[in-house]
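This report concerns only the one structure given below.
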Amino acid sequence: MQLDKKLVGHTFKAFTTTVEAGKIRLFCKAIGEENPIYVDEEAAKKAGYRAIPAPPTYLTAVTNDDPDKGGLLRLLNVDIGLILHGEQHYEYLAPVHVGDKITCQQKVVDIYDKKGGALWFVASETELKDQAGKLVAKAKGITVVRNPDAAKK
Amino acid sequence: MTTAPKFDQVKVGDEIKPIVLPPISRHQLALYCGGSGDHNPIHVDIDFAKKFGFKDVFAHGMLSMAFLGRIVTSWVPQSQVRVLGTRFTSITWVGDVITVSGKVTGKREEGGQKLVDLEVKCTNQNGQDTLQGNATVALN
């Protein structure tokens, strides 16, 4: 298996998704977050937020809400069982709240291998903009692909 | 409600109160699969995980990164978080007991903001780091 380095620069189709209170509630239940600002609008407003804020890593649920889910793996022609998450970085430029309509645009920024091709690394960046077109966050992720051919050697 | 420490009172080396989590359960992974929209079966379907060479399902990296988010927002209100990042350094298995910790590594003023840099980590019951992360928060 070898990934095509010419895919660096590929830009995925942008999509827009609405931040929903019920999804944040489930996300918080899953991560054990019990701060009432994430479930109770009154508590959020009392704490100075204009609505329930999305927890810091809830942005992954926003970017995962792509109707064309799995686009990166299809582009790379890689099975989902072979990937691991190498790194993730968020830069927060403005708060994201329930009701916001967030547009996500992902781009492949680097592809390289290590250990003689046993592991491949795909770096991508996603810009998240709100309904006013303002950049609210930048996400950078590194996906690690385990080369099944290397394991057979 | 989280009340942030003051910039002038924070010192490099200050530690945030650690969070010791309940053992990772399969139920938690199922909830996170739905809650995060990461539907990769490797985290919830043991047959699929075994097919790809793993002994069992394992936690989503982003679930552990959410724990890093929790410790940062236990220290400052979320509106003051500027950066959160991590490397995923080892796999978190079902049953692992994760401790989340954080400490101040730097203080600086930049673009009119008073910023504090943090090292944040998840460590398993064997003392092995599963996530080595960093955060930057703005303080008053």
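Just remember, in the structure tokens the first chain shown is A, the second B, etc., residues are 1-based per chain, and ligands are 1-based in the order shown.
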
Can you check which parts of chain A lie within 9 Å of chain B? Per residue, the shortest pair of atoms and distance in Å to one decimal, counting only C-alpha atoms, sorted by chain and number, as JSON lines.
{"residue": "A:Lys23", "atom": "CA", "partner": "B:Gly35", "partner_atom": "CA", "distance": 6.2}
{"residue": "A:Ile24", "atom": "CA", "partner": "B:Gly35", "partner_atom": "CA", "distance": 7.4}
{"residue": "A:Arg25", "atom": "CA", "partner": "B:Gly35", "partner_atom": "CA", "distance": 8.2}
{"residue": "A:Leu26", "atom": "CA", "partner": "B:Gly35", "partner_atom": "CA", "distance": 5.2}
{"residue": "A:Phe27", "atom": "CA", "partner": "B:Gly35", "partner_atom": "CA", "distance": 4.3}
{"residue": "A:Cys28", "atom": "CA", "partner": "B:Gly35", "partner_atom": "CA", "distance": 8.0}
{"residue": "A:Lys29", "atom": "CA", "partner": "B:Leu31", "partner_atom": "CA", "distance": 7.5}
{"residue": "A:Ala30", "atom": "CA", "partner": "B:Tyr32", "partner_atom": "CA", "distance": 5.0}
{"residue": "A:Ile31", "atom": "CA", "partner": "B:Ala66", "partner_atom": "CA", "distance": 6.4}
{"residue": "A:Gly32", "atom": "CA", "partner": "B:Phe67", "partner_atom": "CA", "distance": 8.4}
{"residue": "A:Glu33", "atom": "CA", "partner": "B:Arg70", "partner_atom": "CA", "distance": 6.8}
{"residue": "A:Asn35", "atom": "CA", "partner": "B:Met1", "partner_atom": "CA", "distance": 7.5}
{"residue": "A:Pro36", "atom": "CA", "partner": "B:Met1", "partner_atom": "CA", "distance": 8.2}
{"residue": "A:Ile37", "atom": "CA", "partner": "B:Met1", "partner_atom": "CA", "distance": 7.9}
{"residue": "A:Ala43", "atom": "CA", "partner": "B:Met1", "partner_atom": "CA", "distance": 8.5}
{"residue": "A:Lys46", "atom": "CA", "partner": "B:Met1", "partner_atom": "CA", "distance": 8.9}
{"residue": "A:Ala47", "atom": "CA", "partner": "B:Met1", "partner_atom": "CA", "distance": 6.5}
{"residue": "A:Tyr49", "atom": "CA", "partner": "B:Ser79", "partner_atom": "CA", "distance": 8.2}
{"residue": "A:Pro53", "atom": "CA", "partner": "B:Gln78", "partner_atom": "CA", "distance": 8.3}
{"residue": "A:Pro55", "atom": "CA", "partner": "B:Gln78", "partner_atom": "CA", "distance": 7.4}
{"residue": "A:Pro56", "atom": "CA", "partner": "B:Gly69", "partner_atom": "CA", "distance": 5.9}
{"residue": "A:Thr57", "atom": "CA", "partner": "B:Ala66", "partner_atom": "CA", "distance": 5.6}
{"residue": "A:Tyr58", "atom": "CA", "partner": "B:Ser36", "partner_atom": "CA", "distance": 7.2}
{"residue": "A:Leu59", "atom": "CA", "partner": "B:Ser36", "partner_atom": "CA", "distance": 8.9}
{"residue": "A:Thr60", "atom": "CA", "partner": "B:Ser36", "partner_atom": "CA", "distance": 6.5}
{"residue": "A:Ala61", "atom": "CA", "partner": "B:Ser36", "partner_atom": "CA", "distance": 4.4}
{"residue": "A:Val62", "atom": "CA", "partner": "B:Ser36", "partner_atom": "CA", "distance": 8.2}
{"residue": "A:Thr63", "atom": "CA", "partner": "B:Gly37", "partner_atom": "CA", "distance": 8.8}
{"residue": "A:Asn64", "atom": "CA", "partner": "B:Gly37", "partner_atom": "CA", "distance": 5.5}
{"residue": "A:Asp65", "atom": "CA", "partner": "B:Gly37", "partner_atom": "CA", "distance": 6.5}
{"residue": "A:Ile80", "atom": "CA", "partner": "B:Asn40", "partner_atom": "CA", "distance": 6.8}
{"residue": "A:Gly81", "atom": "CA", "partner": "B:Phe52", "partner_atom": "CA", "distance": 5.9}
{"residue": "A:Leu82", "atom": "CA", "partner": "B:Phe52", "partner_atom": "CA", "distance": 7.0}
{"residue": "A:Leu84", "atom": "CA", "partner": "B:Gly61", "partner_atom": "CA", "distance": 8.3}
{"residue": "A:His85", "atom": "CA", "partner": "B:Gly61", "partner_atom": "CA", "distance": 6.3}
{"residue": "A:Gly86", "atom": "CA", "partner": "B:Phe88", "partner_atom": "CA", "distance": 5.4}
{"residue": "A:Glu87", "atom": "CA", "partner": "B:Arg87", "partner_atom": "CA", "distance": 4.4}
{"residue": "A:Gln88", "atom": "CA", "partner": "B:Thr86", "partner_atom": "CA", "distance": 5.5}
{"residue": "A:His89", "atom": "CA", "partner": "B:Gly85", "partner_atom": "CA", "distance": 3.8}
{"residue": "A:Tyr90", "atom": "CA", "partner": "B:Leu84", "partner_atom": "CA", "distance": 5.2}
{"residue": "A:Glu91", "atom": "CA", "partner": "B:Val83", "partner_atom": "CA", "distance": 4.6}
{"residue": "A:Tyr92", "atom": "CA", "partner": "B:Arg82", "partner_atom": "CA", "distance": 4.9}
{"residue": "A:Leu93", "atom": "CA", "partner": "B:Arg82", "partner_atom": "CA", "distance": 6.9}
{"residue": "A:Ala94", "atom": "CA", "partner": "B:Ser79", "partner_atom": "CA", "distance": 8.3}
{"residue": "A:Pro95", "atom": "CA", "partner": "B:Ser79", "partner_atom": "CA", "distance": 6.5}
{"residue": "A:Lys140", "atom": "CA", "partner": "B:Gly85", "partner_atom": "CA", "distance": 8.9}

>> Using DSSP secondary structure from the backbone, list all alpha helix (DSSP H) positions within chain A, as an MDAnalysis selection string.
In response: chainID A and resid 21:31 41:46 59:63 71:76 148:152

>> Show me, as number ranges by chain, the residues that have an atom within 7 Å of B:Pro18 when counting only C-alpha atoms, minus same-chain residues fewer than 6 positions from it.
In response: B: 99-101

Produce a file of the selected residues containing N, CA and C atoms, as an mmCIF file, in the first residue's frame.
data_model
loop_
_atom_site.group_PDB
_atom_site.id
_atom_site.type_symbol
_atom_site.label_atom_id
_atom_site.label_comp_id
_atom_site.auth_asym_id
_atom_site.auth_seq_id
_atom_site.Cartn_x
_atom_site.Cartn_y
_atom_site.Cartn_z
ATOM 1 N N THR B 99 -6.223 8.997 34.333
ATOM 2 C CA THR B 99 -6.088 10.209 35.140
ATOM 3 C C THR B 99 -5.729 11.358 34.197
ATOM 4 N N VAL B 100 -6.462 12.455 34.334
ATOM 5 C CA VAL B 100 -6.212 13.623 33.492
ATOM 6 C C VAL B 100 -5.496 14.656 34.357
ATOM 7 N N SER B 101 -4.389 15.183 33.851
ATOM 8 C CA SER B 101 -3.631 16.136 34.647
ATOM 9 C C SER B 101 -3.215 17.322 33.783
#

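Non-sequential neighbours of A:Val19 (distance at most 7 Å, separation of 5 or more positions within a chain, only C-alpha atoms) are His97, Val98, Gly99, Asp100 and Lys101 of chain A.
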
> Got a sec: who's within 8 Å of A:Ile83, counting only C-alpha atoms, leaving out chain neighbours fewer than 5 positions off, as a PyMOL selection string?
Replying inline: chain A and resi 143-146

Go ahead and write the residues just picked, N, CA and C atoms, as a PDB file, in the first residue's frame.
ATOM      1  N   THR A 143      -4.119  11.814  10.517  1.00  0.00           N
ATOM      2  CA  THR A 143      -4.638  10.451  10.459  1.00  0.00           C
ATOM      3  C   THR A 143      -3.475   9.521  10.143  1.00  0.00           C
ATOM      4  N   VAL A 144      -3.331   8.462  10.919  1.00  0.00           N
ATOM      5  CA  VAL A 144      -2.270   7.486  10.689  1.00  0.00           C
ATOM      6  C   VAL A 144      -2.896   6.269  10.001  1.00  0.00           C
ATOM      7  N   VAL A 145      -2.277   5.824   8.914  1.00  0.00           N
ATOM      8  CA  VAL A 145      -2.774   4.642   8.207  1.00  0.00           C
ATOM      9  C   VAL A 145      -1.762   3.515   8.392  1.00  0.00           C
ATOM     10  N   ARG A 146      -2.223   2.400   8.961  1.00  0.00           N
ATOM     11  CA  ARG A 146      -1.359   1.223   9.121  1.00  0.00           C
ATOM     12  C   ARG A 146      -1.320   0.486   7.780  1.00  0.00           C
TER      13      ARG A 146
END

>> I need the residues in stretch 50-140 of chain A that are strand (DSSP E or B) according to DSSP; give them as a VMD selection string.
In response: chain A and resid 53 83 to 92 97 101 to 114 119 to 129 135 to 140

Grab the residues selected above and save them as a short mmCIF file (atom, residue, chain, number, x, y, z; two decimals), in the first residue's frame with N, CA and C atoms.
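The resulting file, selection-v6.cif, is reproduced below:
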data_model
loop_
_atom_site.label_atom_id
_atom_site.label_comp_id
_atom_site.auth_asym_id
_atom_site.auth_seq_id
_atom_site.Cartn_x
_atom_site.Cartn_y
_atom_site.Cartn_z
N PRO A 53 -23.00 26.73 25.08
CA PRO A 53 -21.79 26.63 24.26
C PRO A 53 -21.48 25.18 23.88
N ILE A 83 -7.03 2.80 10.16
CA ILE A 83 -6.60 4.13 10.57
C ILE A 83 -6.56 4.30 12.09
N LEU A 84 -5.66 5.16 12.51
CA LEU A 84 -5.57 5.59 13.91
C LEU A 84 -5.46 7.11 13.90
N HIS A 85 -5.78 7.70 15.03
CA HIS A 85 -5.70 9.15 15.11
C HIS A 85 -4.32 9.52 15.68
N GLY A 86 -3.55 10.27 14.94
CA GLY A 86 -2.20 10.61 15.38
C GLY A 86 -2.14 11.87 16.23
N GLU A 87 -2.77 12.91 15.72
CA GLU A 87 -2.77 14.19 16.43
C GLU A 87 -4.05 14.94 16.11
N GLN A 88 -4.43 15.84 17.02
CA GLN A 88 -5.54 16.75 16.75
C GLN A 88 -5.26 18.07 17.45
N HIS A 89 -5.48 19.16 16.73
CA HIS A 89 -5.23 20.49 17.28
C HIS A 89 -6.38 21.42 16.91
N TYR A 90 -6.85 22.16 17.91
CA TYR A 90 -7.88 23.16 17.65
C TYR A 90 -7.38 24.54 18.06
N GLU A 91 -7.73 25.50 17.22
CA GLU A 91 -7.51 26.90 17.57
C GLU A 91 -8.90 27.54 17.60
N TYR A 92 -9.24 28.13 18.76
CA TYR A 92 -10.58 28.69 18.94
C TYR A 92 -10.54 30.20 18.75
N HIS A 97 -22.03 28.19 19.57
CA HIS A 97 -23.17 27.95 20.45
C HIS A 97 -24.25 27.15 19.73
N LYS A 101 -24.96 27.94 12.70
CA LYS A 101 -24.83 27.13 11.48
C LYS A 101 -23.36 27.22 11.05
N ILE A 102 -22.68 26.09 11.17
CA ILE A 102 -21.24 26.08 10.94
C ILE A 102 -20.92 25.43 9.60
N THR A 103 -20.13 26.13 8.81
CA THR A 103 -19.69 25.60 7.51
C THR A 103 -18.25 25.12 7.66
N CYS A 104 -18.03 23.87 7.26
CA CYS A 104 -16.71 23.23 7.41
C CYS A 104 -16.10 22.99 6.04
N GLN A 105 -14.83 23.30 5.94
CA GLN A 105 -14.11 23.07 4.69
C GLN A 105 -12.77 22.41 5.03
N GLN A 106 -12.62 21.19 4.55
CA GLN A 106 -11.41 20.41 4.88
C GLN A 106 -10.48 20.32 3.67
N LYS A 107 -9.18 20.36 3.97
CA LYS A 107 -8.16 20.31 2.92
C LYS A 107 -7.03 19.39 3.36
N VAL A 108 -6.52 18.58 2.45
CA VAL A 108 -5.34 17.75 2.75
C VAL A 108 -4.11 18.63 2.65
N VAL A 109 -3.28 18.67 3.71
CA VAL A 109 -2.11 19.55 3.68
C VAL A 109 -0.77 18.82 3.64
N ASP A 110 -0.76 17.53 3.98
CA ASP A 110 0.51 16.80 3.91
C ASP A 110 0.25 15.29 3.90
N ILE A 111 1.09 14.57 3.20
CA ILE A 111 1.06 13.10 3.21
C ILE A 111 2.51 12.62 3.25
N TYR A 112 2.85 11.79 4.23
CA TYR A 112 4.22 11.28 4.32
C TYR A 112 4.21 9.92 5.01
N ASP A 113 5.31 9.18 4.89
CA ASP A 113 5.37 7.87 5.53
C ASP A 113 6.56 7.78 6.46
N LYS A 114 6.48 6.81 7.38
CA LYS A 114 7.58 6.54 8.31
C LYS A 114 7.78 5.02 8.37
N LEU A 119 3.91 2.90 8.12
CA LEU A 119 2.88 3.83 8.59
C LEU A 119 2.85 5.04 7.66
N TRP A 120 1.63 5.45 7.33
CA TRP A 120 1.46 6.66 6.52
C TRP A 120 0.71 7.70 7.35
N PHE A 121 1.06 8.95 7.11
CA PHE A 121 0.47 10.05 7.88
C PHE A 121 -0.20 11.03 6.92
N VAL A 122 -1.43 11.34 7.20
CA VAL A 122 -2.18 12.28 6.36
C VAL A 122 -2.63 13.44 7.25
N ALA A 123 -2.11 14.62 6.96
CA ALA A 123 -2.49 15.81 7.74
C ALA A 123 -3.55 16.58 6.97
N SER A 124 -4.58 16.99 7.69
CA SER A 124 -5.61 17.81 7.03
C SER A 124 -6.00 18.96 7.94
N GLU A 125 -6.45 20.03 7.32
CA GLU A 125 -6.89 21.20 8.06
C GLU A 125 -8.33 21.51 7.69
N THR A 126 -9.10 21.88 8.70
CA THR A 126 -10.51 22.24 8.45
C THR A 126 -10.76 23.62 9.02
N GLU A 127 -11.37 24.46 8.21
CA GLU A 127 -11.79 25.78 8.69
C GLU A 127 -13.28 25.72 9.01
N LEU A 128 -13.65 26.27 10.16
CA LEU A 128 -15.05 26.31 10.56
C LEU A 128 -15.50 27.77 10.61
N LYS A 129 -16.53 28.07 9.83
CA LYS A 129 -17.06 29.44 9.80
C LYS A 129 -18.51 29.45 10.25
N LEU A 135 -14.66 33.24 10.65
CA LEU A 135 -13.88 32.06 11.02
C LEU A 135 -13.95 31.89 12.54
N VAL A 136 -14.52 30.77 13.01
CA VAL A 136 -14.66 30.56 14.46
C VAL A 136 -13.63 29.58 15.01
N ALA A 137 -13.12 28.69 14.17
CA ALA A 137 -12.12 27.73 14.64
C ALA A 137 -11.36 27.14 13.47
N LYS A 138 -10.14 26.70 13.79
CA LYS A 138 -9.35 25.94 12.82
C LYS A 138 -9.02 24.60 13.46
N ALA A 139 -9.18 23.55 12.71
CA ALA A 139 -8.85 22.21 13.21
C ALA A 139 -7.76 21.62 12.34
N LYS A 140 -6.78 20.99 12.98
CA LYS A 140 -5.74 20.28 12.21
C LYS A 140 -5.64 18.88 12.77
#

> Separation of atom CA of A:Thr11 and atom CA of A:Pro67, in Å?
Replying inline: 15.5 Å

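Reported to one decimal place, the separation of atom CA of B:Leu139 from atom CA of B:Glu15 is 15.9 Å.
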
>> So that I can see what lies close to A:Asp66, please list as a PyMOL selection string the residues with an atom at most 9 Å from it, counting only C-alpha atoms and leaving out residues fewer than 5 positions away in the same chain.
In response: chain A and resi 14-17+71+104

> Looking at only C-alpha atoms, which of A:Asp79, A:Glu20, A:Gly116, A:Ala44 is the one that sits closest to A:Ala150?
Replying inline: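 Smallest separation from A:Ala150 among the options: A:Gly116.
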
>> Restricting the calculation to only C-alpha atoms: of B:Val97, B:Arg26, B:Lys17, B:Arg108, which residue gets closest to B:Gly127?
In response: B:Val97
